[in-house]
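K.L.:
Provided below: upload.txt, containing compact mmCIF, C-alpha atoms and all ligand atoms.
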# COMPACT_ATOMS: atom_id res chain seq x y z
CA MET A 230 61.82 -33.96 121.94
CA ILE A 231 63.71 -35.30 124.98
CA SER A 232 67.31 -34.15 125.46
CA ASN A 233 68.95 -37.54 124.89
CA PRO A 234 66.79 -39.12 122.19
CA LEU A 235 67.34 -42.68 121.03
CA ILE A 236 68.02 -42.23 117.31
CA LEU A 237 68.08 -45.03 114.74
CA GLY A 238 70.14 -43.94 111.70
CA ILE A 239 69.91 -45.51 108.24
CA GLU A 240 72.43 -45.14 105.39
CA THR A 241 71.95 -46.70 101.94
CA SER A 242 73.26 -44.02 99.54
CA CYS A 243 75.74 -46.25 97.69
CA ASP A 244 76.99 -49.77 98.41
CA GLU A 245 76.90 -49.99 102.21
CA THR A 246 73.70 -50.88 104.04
CA SER A 247 74.25 -49.41 107.46
CA VAL A 248 72.11 -48.90 110.56
CA ALA A 249 73.27 -47.29 113.81
CA VAL A 250 71.70 -46.57 117.17
CA MET A 251 72.69 -43.54 119.26
CA ARG A 252 71.48 -42.39 122.67
CA GLY A 253 72.12 -38.65 122.58
CA GLU A 254 75.82 -38.32 121.73
CA THR A 255 76.64 -41.91 122.72
CA LEU A 256 77.01 -44.40 119.89
CA LEU A 257 75.47 -47.74 120.89
CA SER A 258 75.85 -49.66 117.62
CA ASN A 259 76.95 -49.08 114.02
CA VAL A 260 76.34 -52.08 111.76
CA ILE A 261 77.73 -51.88 108.21
CA SER A 262 76.85 -54.53 105.65
CA SER A 263 79.13 -53.91 102.68
CA GLN A 264 78.37 -54.90 99.10
CA ILE A 265 81.97 -54.38 97.97
CA GLU A 266 82.51 -58.08 97.14
CA ILE A 267 79.34 -58.11 95.01
CA HIS A 268 80.34 -55.06 92.93
CA ARG A 269 84.05 -55.89 92.71
CA ARG A 270 83.58 -58.24 89.77
CA PHE A 271 82.00 -55.36 87.77
CA GLY A 272 84.83 -52.93 88.62
CA GLY A 273 82.42 -50.46 90.26
CA VAL A 274 78.98 -50.05 91.80
CA VAL A 275 76.10 -51.26 89.60
CA PRO A 276 73.14 -49.12 90.78
CA GLU A 277 70.37 -51.68 90.19
CA ILE A 278 72.32 -54.45 91.96
CA ALA A 279 73.02 -52.06 94.84
CA SER A 280 69.29 -51.33 95.30
CA ARG A 281 68.36 -55.02 95.24
CA ASN A 282 70.99 -55.87 97.83
CA HIS A 283 69.93 -52.99 100.11
CA LEU A 284 66.43 -54.49 99.99
CA ILE A 285 67.76 -57.86 101.12
CA ALA A 286 69.97 -56.40 103.85
CA ILE A 287 67.96 -53.56 105.34
CA LEU A 288 65.67 -55.43 107.77
CA PRO A 289 68.33 -57.84 109.12
CA VAL A 290 70.72 -54.90 109.58
CA ILE A 291 68.06 -52.91 111.50
CA THR A 292 67.48 -55.95 113.74
CA GLU A 293 71.22 -56.46 114.31
CA ALA A 294 71.81 -52.78 115.13
CA CYS A 295 69.03 -52.84 117.76
CA GLU A 296 70.33 -56.11 119.23
CA LYS A 297 73.91 -54.80 119.44
CA ALA A 298 72.65 -51.57 121.06
CA GLY A 299 70.54 -53.57 123.53
CA VAL A 300 67.36 -51.70 122.63
CA ALA A 301 63.97 -52.70 121.27
CA ILE A 302 62.71 -51.02 118.12
CA HIS A 303 59.79 -49.59 120.16
CA ASP A 304 62.26 -47.63 122.31
CA VAL A 305 63.38 -45.52 119.33
CA ASP A 306 62.48 -41.81 119.63
CA ALA A 307 63.45 -40.73 116.10
CA VAL A 308 64.60 -42.22 112.82
CA ALA A 309 67.31 -40.57 110.68
CA VAL A 310 67.97 -41.39 107.04
CA THR A 311 70.24 -40.22 104.24
CA TYR A 312 67.91 -38.81 101.55
CA GLY A 313 70.69 -37.52 99.24
CA ALA A 314 73.08 -37.27 97.62
CA GLY A 315 73.63 -40.72 96.17
CA LEU A 316 72.19 -43.36 93.86
CA VAL A 317 68.43 -42.78 93.74
CA GLY A 318 67.43 -46.46 93.77
CA ALA A 319 69.78 -47.17 96.66
CA LEU A 320 68.65 -44.11 98.65
CA LEU A 321 65.01 -45.05 98.11
CA VAL A 322 65.43 -48.30 100.04
CA GLY A 323 66.63 -46.43 103.12
CA VAL A 324 64.09 -43.63 102.72
CA SER A 325 61.20 -46.12 102.38
CA ALA A 326 62.40 -48.15 105.39
CA ALA A 327 62.75 -44.97 107.48
CA LYS A 328 59.31 -43.64 106.54
CA SER A 329 57.68 -47.02 107.25
CA LEU A 330 59.39 -47.26 110.65
CA GLY A 331 58.55 -43.67 111.54
CA TYR A 332 54.89 -44.21 110.59
CA ALA A 333 54.59 -47.55 112.38
CA LEU A 334 56.32 -46.35 115.57
CA GLY A 335 54.71 -42.90 115.52
CA VAL A 336 58.10 -41.13 115.71
CA PRO A 337 59.62 -38.36 113.55
CA VAL A 338 61.92 -39.09 110.61
CA TYR A 339 64.85 -36.75 109.92
CA ALA A 340 66.10 -36.43 106.35
CA VAL A 341 69.87 -36.12 106.39
CA ASN A 342 72.26 -34.65 103.79
CA HIS A 343 74.98 -37.28 103.32
CA ILE A 344 77.91 -34.84 103.19
CA GLN A 345 76.75 -33.02 106.33
CA ALA A 346 76.67 -36.47 107.96
CA HIS A 347 80.27 -37.16 106.90
CA ILE A 348 81.26 -33.89 108.61
CA ALA A 349 79.19 -34.80 111.71
CA ALA A 350 81.19 -38.05 112.08
CA ASN A 351 83.85 -35.82 113.65
CA TYR A 352 81.52 -34.96 116.56
CA ILE A 353 81.40 -38.67 117.45
CA SER A 354 85.18 -39.11 117.54
CA SER A 355 85.81 -35.62 119.00
CA PRO A 356 82.92 -34.86 121.38
CA ASP A 357 84.56 -31.55 122.35
CA LEU A 358 84.60 -30.31 118.72
CA LYS A 359 82.55 -27.14 118.27
CA PRO A 360 82.00 -24.81 115.30
CA PRO A 361 83.49 -22.73 113.85
CA PHE A 362 85.84 -25.08 112.00
CA LEU A 363 86.85 -25.93 108.45
CA ALA A 364 86.07 -29.37 107.04
CA ILE A 365 88.11 -30.82 104.21
CA VAL A 366 85.48 -32.88 102.41
CA ALA A 367 87.04 -35.68 100.37
CA SER A 368 84.54 -38.26 99.20
CA GLY A 369 83.48 -40.13 96.09
CA GLY A 370 81.07 -37.38 95.04
CA HIS A 371 82.28 -34.14 96.64
CA THR A 372 85.61 -32.44 97.21
CA GLY A 373 86.30 -29.07 98.71
CA VAL A 374 86.56 -27.02 101.84
CA VAL A 375 83.47 -26.35 103.93
CA ARG A 376 83.22 -23.66 106.56
CA VAL A 377 81.08 -24.88 109.47
CA ASP A 378 79.87 -21.92 111.52
CA GLY A 379 77.15 -23.65 113.52
CA PRO A 380 75.27 -26.95 113.76
CA ASN A 381 73.33 -26.11 110.58
CA SER A 382 75.63 -23.70 108.83
CA PHE A 383 77.71 -25.28 106.06
CA THR A 384 79.32 -23.01 103.45
CA ALA A 385 81.26 -24.73 100.69
CA PHE A 386 84.05 -23.01 98.82
CA ASP A 387 87.13 -24.04 96.84
CA THR A 388 85.19 -27.04 95.58
CA THR A 389 86.44 -29.17 92.68
CA SER A 390 85.63 -27.81 89.25
CA ASP A 391 85.16 -31.32 87.80
CA ASP A 392 85.71 -34.81 89.31
CA ALA A 393 85.73 -35.55 93.03
CA ILE A 394 88.96 -36.86 94.56
CA GLY A 395 87.46 -40.31 95.37
CA GLU A 396 86.20 -40.60 91.80
CA ALA A 397 89.76 -39.90 90.57
CA PHE A 398 91.20 -42.58 92.91
CA ASP A 399 88.63 -45.09 91.60
CA LYS A 400 89.16 -44.19 87.92
CA VAL A 401 92.96 -44.32 88.15
CA ALA A 402 92.73 -47.67 89.97
CA ARG A 403 90.54 -48.96 87.17
CA ALA A 404 93.04 -47.82 84.54
CA LEU A 405 95.67 -49.79 86.50
CA SER A 406 93.34 -52.85 86.64
CA LEU A 407 93.28 -52.68 90.44
CA PRO A 408 90.18 -54.02 92.19
CA TYR A 409 87.24 -51.83 93.26
CA PRO A 410 87.18 -49.73 95.40
CA GLY A 411 90.32 -48.10 94.07
CA GLY A 412 91.07 -45.69 96.94
CA PRO A 413 92.20 -48.20 99.57
CA GLU A 414 94.08 -50.21 96.92
CA ILE A 415 96.05 -47.15 95.72
CA ASP A 416 96.72 -46.18 99.36
CA LYS A 417 98.19 -49.68 99.98
CA ARG A 418 100.26 -49.76 96.77
CA ALA A 419 101.54 -46.20 97.24
CA LYS A 420 103.30 -47.28 100.44
CA LEU A 421 105.43 -49.66 98.33
CA GLY A 422 106.34 -47.10 95.65
CA THR A 423 108.01 -43.69 95.34
CA PRO A 424 106.29 -40.55 94.02
CA CYS A 425 108.83 -40.14 91.23
CA ILE A 426 106.49 -39.43 88.28
CA GLU A 427 105.38 -35.87 87.66
CA PHE A 428 101.85 -36.05 86.25
CA MET A 429 101.13 -32.35 86.58
CA ALA A 430 103.37 -29.42 87.33
CA HIS A 431 102.96 -28.53 91.00
CA LYS A 432 101.43 -25.07 91.18
CA LYS A 433 100.70 -23.41 94.48
CA ASN A 434 97.31 -21.71 94.85
CA ARG A 435 95.75 -23.71 92.03
CA THR A 436 92.09 -24.53 92.07
CA LEU A 437 90.86 -28.06 92.70
CA SER A 438 90.49 -30.16 89.58
CA TYR A 439 90.87 -33.92 89.29
CA SER A 440 89.78 -34.68 85.75
CA GLY A 441 93.08 -33.44 84.24
CA LEU A 442 95.13 -35.45 86.72
CA LYS A 443 93.21 -38.64 85.93
CA THR A 444 93.74 -38.03 82.17
CA ALA A 445 97.47 -37.38 82.75
CA VAL A 446 97.79 -40.78 84.48
CA VAL A 447 95.83 -42.56 81.72
CA ASN A 448 97.97 -40.88 79.00
CA TYR A 449 101.15 -41.87 80.87
CA LEU A 450 99.98 -45.52 80.97
CA HIS A 451 99.06 -45.51 77.25
CA THR A 452 102.41 -44.01 76.22
CA LYS A 453 104.29 -46.58 78.29
CA GLU A 454 102.25 -49.41 76.77
CA GLN A 455 102.79 -48.14 73.23
CA ARG A 456 106.53 -47.98 73.80
CA GLY A 457 106.50 -51.44 75.34
CA GLU A 458 108.02 -50.02 78.53
CA GLN A 459 107.46 -51.51 81.97
CA ILE A 460 105.06 -49.76 84.31
CA ASP A 461 105.78 -49.69 88.02
CA ILE A 462 102.24 -49.69 89.41
CA ASN A 463 103.40 -48.82 92.92
CA ASP A 464 105.24 -45.73 91.68
CA VAL A 465 102.20 -44.67 89.63
CA CYS A 466 100.01 -45.04 92.76
CA ALA A 467 102.46 -43.10 94.96
CA SER A 468 102.83 -40.32 92.38
CA PHE A 469 99.11 -40.00 91.67
CA GLN A 470 98.21 -40.08 95.38
CA LYS A 471 100.80 -37.44 96.24
CA THR A 472 99.59 -35.09 93.49
CA ALA A 473 95.90 -35.59 94.33
CA VAL A 474 96.33 -35.15 98.08
CA ASP A 475 98.88 -32.31 97.93
CA MET A 476 96.49 -30.36 95.70
CA LEU A 477 93.73 -30.67 98.30
CA VAL A 478 95.99 -29.93 101.27
CA ASP A 479 97.44 -26.83 99.50
CA VAL A 480 93.93 -25.50 98.88
CA ALA A 481 92.90 -26.21 102.50
CA VAL A 482 96.02 -24.57 103.96
CA ASP A 483 95.41 -21.54 101.78
CA ALA A 484 91.81 -21.40 103.08
CA VAL A 485 92.99 -21.64 106.70
CA LYS A 486 95.37 -18.72 106.16
CA ARG A 487 92.76 -16.64 104.37
CA ILE A 488 89.92 -17.29 106.79
CA GLY A 489 91.80 -17.57 110.07
CA ILE A 490 89.90 -20.56 111.46
CA ASN A 491 92.45 -22.89 113.03
CA THR A 492 90.40 -26.03 113.61
CA VAL A 493 90.40 -28.37 110.61
CA VAL A 494 88.64 -31.73 110.29
CA LEU A 495 88.57 -34.37 107.56
CA ALA A 496 85.35 -35.85 106.19
CA GLY A 497 84.37 -38.45 103.56
CA GLY A 498 85.73 -41.78 102.39
CA VAL A 499 89.08 -40.41 101.20
CA ALA A 500 89.62 -39.14 104.78
CA ALA A 501 90.67 -42.77 105.37
CA ASN A 502 93.72 -42.18 103.13
CA SER A 503 96.93 -42.59 105.13
CA TYR A 504 98.90 -40.01 103.13
CA LEU A 505 96.12 -37.38 103.49
CA ARG A 506 95.99 -37.98 107.26
CA ALA A 507 99.79 -37.74 107.50
CA ARG A 508 99.93 -34.55 105.41
CA LEU A 509 97.21 -32.87 107.43
CA THR A 510 98.94 -33.82 110.68
CA GLU A 511 102.23 -32.42 109.32
CA GLU A 512 100.68 -29.13 108.16
CA GLY A 513 98.74 -28.92 111.42
CA LYS A 514 101.98 -29.07 113.42
CA LYS A 515 103.66 -26.47 111.18
CA LEU A 516 100.75 -24.04 111.33
CA LYS A 517 99.69 -24.86 114.92
CA LEU A 518 96.27 -26.06 113.84
CA ASP A 519 93.84 -28.19 115.81
CA THR A 520 93.39 -31.07 113.35
CA ARG A 521 90.89 -33.91 113.79
CA PHE A 522 89.89 -36.90 111.76
CA PRO A 523 87.42 -39.69 112.48
CA PRO A 524 88.57 -43.32 112.88
CA MET A 525 88.50 -45.35 109.65
CA SER A 526 85.12 -46.93 110.47
CA LEU A 527 83.52 -43.47 110.57
CA CYS A 528 85.24 -42.15 107.39
CA THR A 529 83.61 -44.37 104.78
CA ASP A 530 79.81 -44.62 104.57
CA ASN A 531 78.14 -45.51 107.88
CA ALA A 532 74.89 -44.79 109.68
CA ALA A 533 76.44 -43.50 112.91
CA MET A 534 77.26 -40.23 111.16
CA VAL A 535 73.64 -40.03 109.92
CA ALA A 536 72.23 -40.46 113.44
CA ARG A 537 74.70 -37.89 114.79
CA ARG A 538 73.75 -35.34 112.13
CA ALA A 539 70.07 -35.87 113.01
CA LEU A 540 70.81 -35.16 116.68
CA ASP A 541 71.90 -31.63 115.73
CA MET A 542 68.82 -31.26 113.49
CA ILE A 543 66.62 -32.21 116.46
CA ARG A 544 68.46 -29.87 118.82
CA GLU A 545 68.15 -27.02 116.30
CA ASN A 546 64.42 -27.69 115.78
CA LEU A 547 64.74 -28.44 112.08
CA PRO A 548 61.52 -29.93 110.70
CA PRO A 549 61.14 -33.71 110.49
CA ALA A 550 60.38 -35.14 107.07
CA LYS A 551 56.88 -35.40 105.71
CA LEU A 552 55.57 -38.70 104.41
CA ASP A 553 56.20 -37.55 100.83
CA LEU A 554 59.97 -37.44 101.46
CA ASN A 555 61.79 -38.62 98.35
CA ALA A 556 65.36 -39.57 97.52
CA VAL A 557 67.45 -36.83 95.87
CA SER A 558 70.42 -37.78 93.70
CA TYR A 559 72.21 -34.44 94.00
CA LEU A 560 72.36 -32.11 96.98
CA LYS A 561 74.71 -29.22 97.59
CA ILE A 562 76.80 -29.46 100.76
CA GLY A 563 74.80 -26.70 102.44
CA ASP A 564 71.32 -28.03 101.53
CA CYS A 565 69.13 -28.99 104.49
CA TYR A 566 65.69 -30.64 104.21
CA LYS A 567 63.02 -27.95 104.49
CA GLY A 568 59.82 -29.93 104.17
O1 LIG A 601 82.49 -40.95 101.33
P1 LIG A 601 82.46 -42.26 100.62
O2 LIG A 601 82.45 -43.52 101.43
O3 LIG A 601 81.26 -42.30 99.63
C1 LIG A 601 80.74 -41.12 99.10
O4 LIG A 601 80.01 -40.45 99.83
O5 LIG A 601 81.10 -40.81 97.95
O6 LIG A 601 83.73 -42.26 99.69
C2 LIG A 601 84.02 -43.31 98.86
C3 LIG A 601 85.36 -43.01 98.24
C4 LIG A 601 85.70 -44.01 97.15
O7 LIG A 601 86.06 -43.26 96.01
C5 LIG A 601 86.89 -44.75 97.74
O8 LIG A 601 87.81 -45.21 96.76
C6 LIG A 601 87.50 -43.71 98.63
O9 LIG A 601 86.41 -43.08 99.22
N1 LIG A 601 88.40 -44.25 99.66
C7 LIG A 601 89.71 -43.96 99.71
C8 LIG A 601 90.25 -44.71 100.79
N2 LIG A 601 89.21 -45.41 101.38
C9 LIG A 601 88.08 -45.10 100.67
N3 LIG A 601 90.47 -43.17 98.92
C10 LIG A 601 91.78 -43.10 99.20
N4 LIG A 601 92.36 -43.79 100.21
C11 LIG A 601 91.65 -44.60 101.02
N5 LIG A 601 92.24 -45.27 102.02
ZN ZN A 602 79.88 -41.01 101.64
Mind converting the file's structure to structure tokens?
Ligand code: KG4
Ligand code: ZN

P.N.:
Amino acid sequence: MISNPLILGIETSCDETSVAVMRGETLLSNVISSQIEIHRRFGGVVPEIASRNHLIAILPVITEACEKAGVAIHDVDAVAVTYGAGLVGALLVGVSAAKSLGYALGVPVYAVNHIQAHIAANYISSPDLKPPFLAIVASGGHTGVVRVDGPNSFTAFDTTSDDAIGEAFDKVARALSLPYPGGPEIDKRAKLGTPCIEFMAHKKNRTLSYSGLKTAVVNYLHTKEQRGEQIDINDVCASFQKTAVDMLVDVAVDAVKRIGINTVVLAGGVAANSYLRARLTEEGKKLKLDTRFPPMSLCTDNAAMVARRALDMIRENLPPAKLDLNAVSYLKIGDCYKG
């Protein structure tokens, strides 16, 4: 494979149809067609509707990404696609498109682990970033700290014992009748409130768990309703967000101290959260850490991160996918496609 391959990345794991084009480490285009408006009226992603809309969007988005990058589809040297984790029907659209393109163009297809791609987004915004570093993974499906020791070495620890942090944001938002997706809405509302409600006693060195916090918020809302008392939604958002984020930052700071790796990056959709970014910056200054986080557009699901992850897979001689590549609903953070 040439040193600066032209990679076309495809991402369809949930409700964003995204295609990106990269030449080596240079991002040429990153088109994201979001289905948020379609799913909003249902209060969350409806898997079957997501698959159908990926089918409608995928070819126009591929065309637009090539046009924006100023390349022809025949120039592409490799195709990269998220094959898991995610919604199987949604993933299948991207996987089928990638395999068809790879077969038609006679180029290899790289099967990318979605969470590894979220971490790789940091290489786009920080080209000088090199392992070893710790990644705080905060997405809709995964939460925890990942030690990255090399381009293909991802070791997860201190992961959540139940719900992921993004899932908790979305569930709490739903309980508050806020629109989907809940994370950005809570982030916005929290800025207008004060974190004056104690949902869970703050314990240092606790393990990550979000199910109990979500239940504590729901119980608080029910009790208030039963008593006919007013609920200040902004205060609930600020209090929930502070508890959820502080828990993650405490665990990450503890990991930094234990492991002695001073470079810390954020990854996943919740990395877009303003309070999480502020807290990490603050802790970074206190502990003299090198902290990085991708711009908003590279935090939530996008295909640029998929193409960038594939670049490392190519450089490390990982095998391209066979034609029987299938979508996988659950992958561990460290899982790499083996053929
Ligand atoms: O990483 P992601 O785009 O999808 C998965 O791989 O799961 O993460 C989606 C999650 C959703 O739960 C969404 O509510 C959350 O990221 N999110 C946020 C913010 N923006 C997106 N959570 C908190 N604050 C935000 N600003
Ligand atoms: Zn994601």

K.L.:
Hey, can you check how far CA of Leu288 in chain A sits from CA of Thr241 in chain A?

P.N.:
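Taking CA of Leu288 in chain A and CA of Thr241 in chain A, their separation equals 12.2 Å.
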
K.L.:
Nearest residue to Asn491 in chain A out of A:Leu330, A:Ala364, A:Ala467, A:Ala445, using all atoms listed in the file?

P.N.:
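Using all atoms listed in the file, the shortest distance to Asn491 in chain A belongs to A:Ala364.
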
K.L.:
In terms of the shortest atom-to-atom distance over only C-alpha atoms, which of A:Gly422, A:Pro276, A:Gly323, A:Pro234 is closest to Asp464 in chain A?

P.N.:
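Using only C-alpha atoms, the shortest distance to Asp464 in chain A belongs to A:Gly422.
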
K.L.:
Nearest residue to Leu540 in chain A out of A:Tyr559, A:Tyr352, A:Tyr409, A:Tyr332, using all atoms listed in the file?

P.N.:
A:Tyr352

K.L.:
With all atoms listed in the file as the basis for distance, which of A:Met542, A:Ile344, A:Met429, A:Val480 is at the shortest distance from ligand LIG 601 (chain A)?

P.N.:
A:Ile344

K.L.:
Scan for residues within 9 Å of the point (66.5, -44.5, 101.7) in the coordinates of the file, using all atoms listed in the file, and reply as a PDB file with C-alpha atoms, keeping the file's coordinate frame.

P.N.:
ATOM      1  CA  ILE A 239      69.910 -45.510 108.240  1.00  0.00           C
ATOM      2  CA  GLU A 240      72.430 -45.140 105.390  1.00  0.00           C
ATOM      3  CA  THR A 241      71.950 -46.700 101.940  1.00  0.00           C
ATOM      4  CA  SER A 242      73.260 -44.020  99.540  1.00  0.00           C
ATOM      5  CA  VAL A 310      67.970 -41.390 107.040  1.00  0.00           C
ATOM      6  CA  THR A 311      70.240 -40.220 104.240  1.00  0.00           C
ATOM      7  CA  TYR A 312      67.910 -38.810 101.550  1.00  0.00           C
ATOM      8  CA  GLY A 313      70.690 -37.520  99.240  1.00  0.00           C
ATOM      9  CA  VAL A 317      68.430 -42.780  93.740  1.00  0.00           C
ATOM     10  CA  GLY A 318      67.430 -46.460  93.770  1.00  0.00           C
ATOM     11  CA  ALA A 319      69.780 -47.170  96.660  1.00  0.00           C
ATOM     12  CA  LEU A 320      68.650 -44.110  98.650  1.00  0.00           C
ATOM     13  CA  LEU A 321      65.010 -45.050  98.110  1.00  0.00           C
ATOM     14  CA  VAL A 322      65.430 -48.300 100.040  1.00  0.00           C
ATOM     15  CA  GLY A 323      66.630 -46.430 103.120  1.00  0.00           C
ATOM     16  CA  VAL A 324      64.090 -43.630 102.720  1.00  0.00           C
ATOM     17  CA  SER A 325      61.200 -46.120 102.380  1.00  0.00           C
ATOM     18  CA  ALA A 326      62.400 -48.150 105.390  1.00  0.00           C
ATOM     19  CA  ALA A 327      62.750 -44.970 107.480  1.00  0.00           C
ATOM     20  CA  LYS A 328      59.310 -43.640 106.540  1.00  0.00           C
ATOM     21  CA  ASN A 555      61.790 -38.620  98.350  1.00  0.00           C
ATOM     22  CA  ALA A 556      65.360 -39.570  97.520  1.00  0.00           C
TER      23      ALA A 556
END

K.L.:
Taking only C-alpha atoms into account, name the residue in A:Glu266, A:Asp387, A:Glu511, A:Asp530 that is nearest to Val499 in chain A.

P.N.:
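That would be A:Asp530, the residue with the smallest distance to Val499 in chain A.
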
K.L.:
I'd like the interatomic distance between CA of Leu516 in chain A and CA of Gly412 in chain A, to a tenth of an Å.

P.N.:
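The value is 27.7 Å.
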
K.L.:
For CA of Ser440 in chain A and CA of Asp483 in chain A, determine how far apart the two atoms are, in Å to one decimal place.

P.N.:
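Pair CA of Ser440 in chain A / CA of Asp483 in chain A returns 21.5 Å.
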
K.L.:
Within 6 Å of ligand ZN 602 (chain A), which residues show up when you count all atoms listed in the file? List them as a PyMOL selection string, please.

P.N.:
chain A and resi 368+497-498+529-530

K.L.:
Return as a ChimeraX atom specification the residues of protein, DNA or RNA that approach ligand LIG 601 (chain A) to within 10 Å, with all atoms listed in the file taken into account.

P.N.:
/A:242-245,273,313-315,343-344,346-347,366-372,393-400,402,409-417,419,470,473-474,496-506,525,527-531

K.L.:
Which one of A:Cys295, A:Ala349, A:Ala307, A:Leu560 sits closest to Ala333 in chain A if you count all atoms listed in the file?

P.N.:
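Nearest to Ala333 in chain A: A:Ala307.
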
K.L.:
With a distance cut-off of 9 Å and all atoms listed in the file, select the neighbouring residues of Cys565 in chain A, excluding the residue or stretch itself and same-chain residues fewer than 2 positions from it, and output the selection as a VMD selection string.

P.N.:
chain A and resid 340 to 342 345 381 547 560 to 563 567

K.L.:
Please produce a file of those selected residues containing C-alpha atoms, as an mmCIF file, keeping the file's coordinate frame.

P.N.:
data_model
loop_
_atom_site.group_PDB
_atom_site.id
_atom_site.type_symbol
_atom_site.label_atom_id
_atom_site.label_comp_id
_atom_site.auth_asym_id
_atom_site.auth_seq_id
_atom_site.Cartn_x
_atom_site.Cartn_y
_atom_site.Cartn_z
ATOM 1 C CA ALA A 340 66.100 -36.430 106.350
ATOM 2 C CA VAL A 341 69.870 -36.120 106.390
ATOM 3 C CA ASN A 342 72.260 -34.650 103.790
ATOM 4 C CA GLN A 345 76.750 -33.020 106.330
ATOM 5 C CA ASN A 381 73.330 -26.110 110.580
ATOM 6 C CA LEU A 547 64.740 -28.440 112.080
ATOM 7 C CA LEU A 560 72.360 -32.110 96.980
ATOM 8 C CA LYS A 561 74.710 -29.220 97.590
ATOM 9 C CA ILE A 562 76.800 -29.460 100.760
ATOM 10 C CA GLY A 563 74.800 -26.700 102.440
ATOM 11 C CA LYS A 567 63.020 -27.950 104.490
#

K.L.:
The residues within 7 Å of (73.8, -48.0, 115.6), using only C-alpha atoms and the coordinates of the file, should be reported as a PyMOL selection string; which are they?

P.N.:
chain A and resi 237-238+248-251+256-260+294+298+532-533
